[in-house]
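Down below is the structure, laid out as structure tokens.
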Amino acid sequence: MTNFISVQLKKASEVDLAKPLCKFIQQSYPGAEAQAEHCRAAEELSRLRKSALGRPLDKHESALETLLRYYDQLCSIEPKFPFSENQVCVTFTWKDAFDKGSLFGGSAKLALASLGYEKTCVLFNCGALASQIAAEQNLDNDEGLKAAAKHYQFASGAFQHIKDTVLSALNREPTVDISPDTAGTLSLIMLAQAQEVFFLKATRDKMKDGIIAKLANQAADYYGDAYKQCQYKDTLPKEVFPVLAAKHCIMQANAEYHQSILAKQQKKFGEEIGRLQHAADLVKTVASRYDEYINVKDLVDKINRALAAAKKDNDFIYHDRVPDLKDLEPIGKASLVKSTPVVVPLSQKFTDLFEKMVPLQVQQSVSVYNQRKADLVNRSIAQMREATNLANGVLASLNLPAAIEDVSGDTVPQSILNKSKSVIEQGGIQTVDQLIKDLPELLQRNKEILDESLRLLDEEEATDNDLRTKFKERWQRTPSNELYKPLRAEGANYHNILNKAMQADGQVKERYQTHRDTIALLCKPEAELNAAIPSANPAKTLQGNEVVNVLRTLLASLDEVKKEREQLENDLKSVNFDMTSKFLTALAQDGAINEEAISVTELDRIYGSYTQKVQESLKKQEELLKNIQNAHQDFSKMKQSNNESNLREEVLKNLAVANDNFVELVANLKEGTKFYNELTEILLKFQNKCSDIIFARKTERDELLKDLQQSIAREPSAPSIPLPTYQTTPAAGSKPAASPAPTPAPRTMVGTKPQPPARPPPPVISAASSSSSALAPSGAAAAPAAPPGASAPAASTAPSQAQGPPYPTYPGYPGYCQMPMPMGYNPYMYGQYNLPYAPSPVYQTPGQPPYPPPQQPGYPFPQQPYYQQ
């Protein structure tokens with residue numbers, strides 16, 4: 001009798017997870033040590049997938065443990081790797097567990113670049129394998145009963161989780177096996193079988209018959225609901241339906257049988273006979289219709305013996321009136337099962353392979369924080385450099401410090417000599433020429449990389465558009481123009497960056513051409529430099545003058561300010577603070593990261609003192625420049641004014657300006673060279689990203705083309721030829737083919753000997769699906785073919801709403817109503833045999849109500865279906 005339904009596993013195509021994950025790791029983690037560790041974890045994950053999905057699994061706990069560990073790993077890497085078609089692109093291909101090999105029977109397989117799809121399919125296999133392990137248990141001992149109940153409840157929870165999450169995890173219509181309807185039905189079937197195991201446990205432990213009756217009644221309710229859900233749907237194998245219908249009747253019969261024993265103990269002999277008669281009719285229906293699937297001979301004999309004995313005792317001794325079925329009190333229900341919720345980690349041996357890798361949300365927050373930090377540091381450094389350039393420009397315009405050093409009038413001032421020496425040591429004009437010559441080559445290399453990347457996208461998009469035009473609605477995959485939008489936006493951003501860089505290069509070249517001759521003069525030897533500077537009358541009268549001393553003091557103070565800025569700039573660049581721990585803590589506490597609030601607070605704490613020093617330096621320079629300009633006015637009045645001295649001072653000013661321009665030009669050109677080299681690395685990563693997605697799209701395109709070719713080959717080459725009318729019209733007296741769903745049993749009138757109905761033909765199983773059954777009762781035999789000449793019952797039109805499984809019904813029989821059951825009850829806890837309540841019958845008005853009635857508010861168990869008077 002104990003035929004249990006198990007689910008076939010889905011089959012997955014082989015996938016190398018290590019390669020795409022390692023590529024992402026190498027792009028995202030600069031440290032060689034971190035890269036090596038994470039890549040080893042990626043290779044281990046790939047091996048774990050092969051162990052879980054790449055070979056047939058035994059129906060054993062160890063195989064289930066492997067599947068659970070792989071599912072846990074998928075859940076752990078989901079927030080750490082951006083799995084999508086345009087980032088970490090891994091295409092997972094799975095076959096439908098219920099595929100019948102028919103073109104119109106649903107998609108045979110589905111390939112998606114979605115980690116959620118992989119998780120859903122792996123969880124399906126976890127539930128399927130758990131159902132197979134449960135079906136293999138020996139139910140003659142406590143260990144087997146406990147293991148079966150545990151695995152059925154886990155399988156029910158797995159399928160329920162799929163039902164709740166599959167549509168959000170996939171951006172496409174799922175295959176039939178993981179659709180919400182099918183997953184919900186499988187979850188209910190597993191729950192019903194778990195309840196049946198508890199019924200078997202209570203029976204084996206010889207618990208009180210009232211308790212056993214409630215357990216059986218609840219199991220019957222679950223089986224009835226499962227049958228209703230799949231009665232008119234072609235998603236599960238046909239042999240499942242009769243098993244569910246038979247189990248519903250068997251569990252009801254068991255409930256009536258044990259309730260009859262309770263009635264006998266209460267000396268209600270008429271009620272005992274009434275319940276046994278109903279139980280006998282139920283099992284007779286099973287024996288007459290579903291004996292190919294479930295053997296109920298033992299149960300039939302047991303009920304018939306009890307009924308014969310009860311009738312005999314009542315006829316000769318008690319003479320108690322046998323009540324009508326409508327007058328019998330309803331049997332209550334007691335649900336001891338529930339779907340095990342999917343709470344990660346599912347495996348007790350789970351160890352996160354990527355424990356040291358931070359989640360993607362934290363990575364993104366750290367990246368935005370680093371950008372904020374760079375903006376703050378660059379802004380502060382830019383303010384200081386701008387102030388230094390301003391100071392140098394003011395001093396050059398005043399010919400300081402050369403003016404106060406040029407007392408002889410015919411020698412090169414020491415400050416000019418120092419500037420000339422510095423320019424010569426840095427390579428002089430040749431250094432600038434070489435740097436300017438290198439820029440176009442670096443620019444061209446970056447443009448070629450970017451253009452090649454976009455060319456790859458253009459070619460693949462054109463191919464995709466051609467195939468979409470050719471196959472139209474058959475070409476079911478994400479259009480390339482939509483998929484590449486982020487990549488094209490990124491490419492456009494790089495184009496803008498290159499255009500701005502070209503403009504900056506032009507400005508630098510123009511500035512260099514303006515000051516090239518003066519910079520070249522600074523590079524000459526001292527004698528030639530001195531000859532190029534006009535001589536003037538000596539100004540020895542200014543030596544030792546108070547105004548000159550004040551100017552020297554102010555210039556020394558300004559030099560000290562500039563040196564402090566250089567140190568402050570180095571300090572700003574060297575400050576480093578890892579925000580990972582801060583963001584991880586916020587994510588753990590709040591489940592989300594408010595990056596802006598956290599970053600602003602931390603940047604103010606870390607860099608607040610530095611930004612204050614920058615502002616103080618700017619303010620101090622402003623005061624010094626003002627004092628220097630005032631002192632220089634006094635100095636200019638004291639100098640002897642003539643044309644020679646004015647011309648000499650103008651040349652010295654130009655040399656000072658040339659030095660400042662040389663320093664700035666070299667710095668700009670070196671920054672430009674560094675920028676182009678760094679951009680080359682970024683563009684190479686962008687090119688790799690484009691190449692990866694093009695390769696993945698090509699693989700997906702080839703697979704889809706192959707499937708389309710096979711589908712087209714299976715299509716009929718010509719329309720079907722209609723049959724003549726005389727071949728399609730049934731002959732007089734003949735009956736149409738029977739409905740594949742089991743027809744309800746006829747009503748049996750009280751006092752009339754019930755006659756077994758004609759046996760309908762078994763469900764028709766197509767040749768395509770006869771090779772293997774994806775979902776089949778354990779130990780069920782195949783239905784034999786209908787004997788020749790057997791008459792088939794008339795086909796009935798499908799009712800507007802799903803009906804319950806067939807079972808004998810009687811006029812006016814009230815059916816079953818719920819009775820409360822203590823929440824803490826457990827048949828594994830021996831000694832709980834006393835019921836703390838009295839049964840309370842509920843009677844209904846005539847008419848057939850919907851099935852099942854709504855749940856009573858606040859009641860812990862689902863309500864039993866009932867009949868009205």
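Following the order of the structure tokens, chains are lettered A, B, ..., residues in each are numbered from 1, and ligands are numbered from 1.
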
query: Using only C-alpha atoms, which residues sit within 10 Å of Thr351 in chain A once same-chain residues fewer than 3 positions away are excluded, as a list in words?
result: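 Non-adjacent residues within range: Arg69, Asp72, Gln73, Ser76, Pro345, Ser347, Gln348, Phe354 and Glu355 of chain A.
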
Name the residues in contact with Cys126 in chain A at a cut-off of 7 Å, using only C-alpha atoms, excluding same-chain residues fewer than 5 positions from it; report them as a PDB file with N, CA, C and O atoms, in the first residue's frame.
ATOM      1  N   LEU A  64      23.353  13.902  -1.143  1.00  0.00           N
ATOM      2  CA  LEU A  64      22.551  15.088  -0.844  1.00  0.00           C
ATOM      3  C   LEU A  64      23.401  16.168  -0.183  1.00  0.00           C
ATOM      4  O   LEU A  64      23.244  17.363  -0.468  1.00  0.00           O
ATOM      5  N   LEU A  67      25.228  18.156  -2.813  1.00  0.00           N
ATOM      6  CA  LEU A  67      24.333  19.123  -3.453  1.00  0.00           C
ATOM      7  C   LEU A  67      24.076  20.332  -2.552  1.00  0.00           C
ATOM      8  O   LEU A  67      24.080  21.481  -3.010  1.00  0.00           O
ATOM      9  N   LEU A  68      23.853  20.064  -1.269  1.00  0.00           N
ATOM     10  CA  LEU A  68      23.569  21.157  -0.339  1.00  0.00           C
ATOM     11  C   LEU A  68      24.778  22.083  -0.201  1.00  0.00           C
ATOM     12  O   LEU A  68      24.631  23.315  -0.123  1.00  0.00           O
TER      13      LEU A  68
END

Per-residue nearest contacts of range 336-433 of chain A to range 198-222 of chain A (12 Å; only C-alpha atoms) as JSON lines:
{"residue": "A:Leu336", "atom": "CA", "partner": "A:Phe198", "partner_atom": "CA", "distance": 7.3}
{"residue": "A:Val337", "atom": "CA", "partner": "A:Phe198", "partner_atom": "CA", "distance": 8.2}
{"residue": "A:Lys338", "atom": "CA", "partner": "A:Tyr222", "partner_atom": "CA", "distance": 11.5}

- request: Identify, on the basis of only C-alpha atoms, every residue whose closest approach to Pro56 in chain A does not exceed 12 Å; exclude the query and any residue fewer than 2 positions from it along the same chain; express the result as a list in words.
  value: Gln8, Leu9, Lys10, Lys11, Ala12, Lys50, Ser51, Ala52, Leu53, Gly54, Asp58, Lys59, His60, Ala63, Leu64, Leu67, Asn125 and Leu129 of chain A

task: Using only C-alpha atoms, find the one residue out of A:Arg49, A:Ile606, A:Arg511, A:Pro79 that sits nearest to Asp571 in chain A.
output: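 Going through A:Arg49, A:Ile606, A:Arg511, A:Pro79 one by one, the smallest distance to Asp571 in chain A is for A:Ile606.
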
task: Go through A:Val547, A:Gln687, A:Lys267, A:Asp466 one by one, measure the shortest atom-to-atom distance of each to Arg488 in chain A using only C-alpha atoms, and give the residue with the smallest value.
output: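 Answer, going by the shortest atom-to-atom distance: A:Gln687.
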
- prompt: Which polymer residues have any atom within 12 Å of an atom of Leu299 in chain A, counting only C-alpha atoms, with same-chain residues fewer than 3 positions away left out, as number ranges by chain?
  reply: A: 1-2, 249-251, 253-254, 257, 276, 279-284, 286-287, 294-296, 302-306

message: Could you check the closest approach to Arg474 in chain A for each of A:Asn677, A:Gln26, A:Ser711, A:Asn171 and tell me which residue wins, using only C-alpha atoms?
response: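 Once distances to Arg474 in chain A are computed over only C-alpha atoms, the minimum belongs to A:Ser711.
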
task: Would you mind telling me which residue in A:Val377, A:Ala588, A:Thr285, A:Ser691 lies nearest to Leu568 in chain A when using only C-alpha atoms?
output: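 Distance minimum relative to Leu568 in chain A lands on A:Val377.
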
message: If I take CA of Gly127 in chain A and CA of Ser156 in chain A, how far is one from the other in Å, to one decimal?
response: 7.2 Å

message: I'd like to know which of A:Thr66, A:Gln383, A:Asn549, A:Thr235 is closest to Leu48 in chain A, using only C-alpha atoms.
response: A:Thr66

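Ranking A:Lys311, A:Lys562, A:Lys573, A:Arg47 by their shortest atom-to-atom distance to Arg379 in chain A, with only C-alpha atoms included, puts A:Lys573 first.
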
message: Need the shell around range 693-700 of chain A: protein/DNA/RNA residues with any atom at most 7 Å away, counting only C-alpha atoms. Skip same-chain ones fewer than 5 positions apart. Format as a PyMOL selection string?
response: chain A and resi 86+89+460

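CA of Asp660 in chain A sits 7.9 Å away from CA of Asn389 in chain A.
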
message: Set the distance at 12 Å and use only C-alpha atoms: which residues neighbour range 372-375 of chain A once local chain neighbours fewer than 2 positions away are removed? I'd like the list as a count of residues only.
response: 34

All residues 9 Å or closer to Thr165 in chain A, only C-alpha atoms, same chain fewer than 5 positions away omitted, as an mmCIF file with all heavy atoms, in the first residue's frame:
data_model
loop_
_atom_site.group_PDB
_atom_site.id
_atom_site.type_symbol
_atom_site.label_atom_id
_atom_site.label_comp_id
_atom_site.auth_asym_id
_atom_site.auth_seq_id
_atom_site.Cartn_x
_atom_site.Cartn_y
_atom_site.Cartn_z
ATOM 1 N N THR A 120 18.136 27.953 -8.439
ATOM 2 C CA THR A 120 16.799 27.342 -8.479
ATOM 3 C C THR A 120 16.890 25.884 -8.912
ATOM 4 O O THR A 120 16.261 25.002 -8.306
ATOM 5 C CB THR A 120 15.894 28.130 -9.431
ATOM 6 O OG1 THR A 120 15.755 29.474 -8.948
ATOM 7 C CG2 THR A 120 14.522 27.498 -9.530
ATOM 8 N N GLN A 160 8.626 24.500 -2.261
ATOM 9 C CA GLN A 160 7.870 25.705 -1.904
ATOM 10 C C GLN A 160 8.720 26.957 -2.117
ATOM 11 O O GLN A 160 8.236 27.991 -2.598
ATOM 12 C CB GLN A 160 7.415 25.622 -0.441
ATOM 13 C CG GLN A 160 6.572 26.801 0.018
ATOM 14 C CD GLN A 160 5.250 26.905 -0.714
ATOM 15 O OE1 GLN A 160 4.631 25.909 -1.045
ATOM 16 N NE2 GLN A 160 4.822 28.124 -1.001
ATOM 17 N N LEU A 170 14.445 34.532 -12.375
ATOM 18 C CA LEU A 170 14.629 34.380 -13.820
ATOM 19 C C LEU A 170 14.011 35.572 -14.539
ATOM 20 O O LEU A 170 13.024 36.141 -14.075
ATOM 21 C CB LEU A 170 13.955 33.100 -14.335
ATOM 22 C CG LEU A 170 14.715 31.777 -14.204
ATOM 23 C CD1 LEU A 170 14.959 31.410 -12.769
ATOM 24 C CD2 LEU A 170 13.955 30.680 -14.914
ATOM 25 N N PRO A 180 6.003 27.914 -11.070
ATOM 26 C CA PRO A 180 5.352 28.009 -9.753
ATOM 27 C C PRO A 180 4.260 26.972 -9.534
ATOM 28 O O PRO A 180 4.147 26.402 -8.442
ATOM 29 C CB PRO A 180 4.787 29.438 -9.751
ATOM 30 C CG PRO A 180 5.666 30.191 -10.674
ATOM 31 C CD PRO A 180 6.056 29.221 -11.749
#
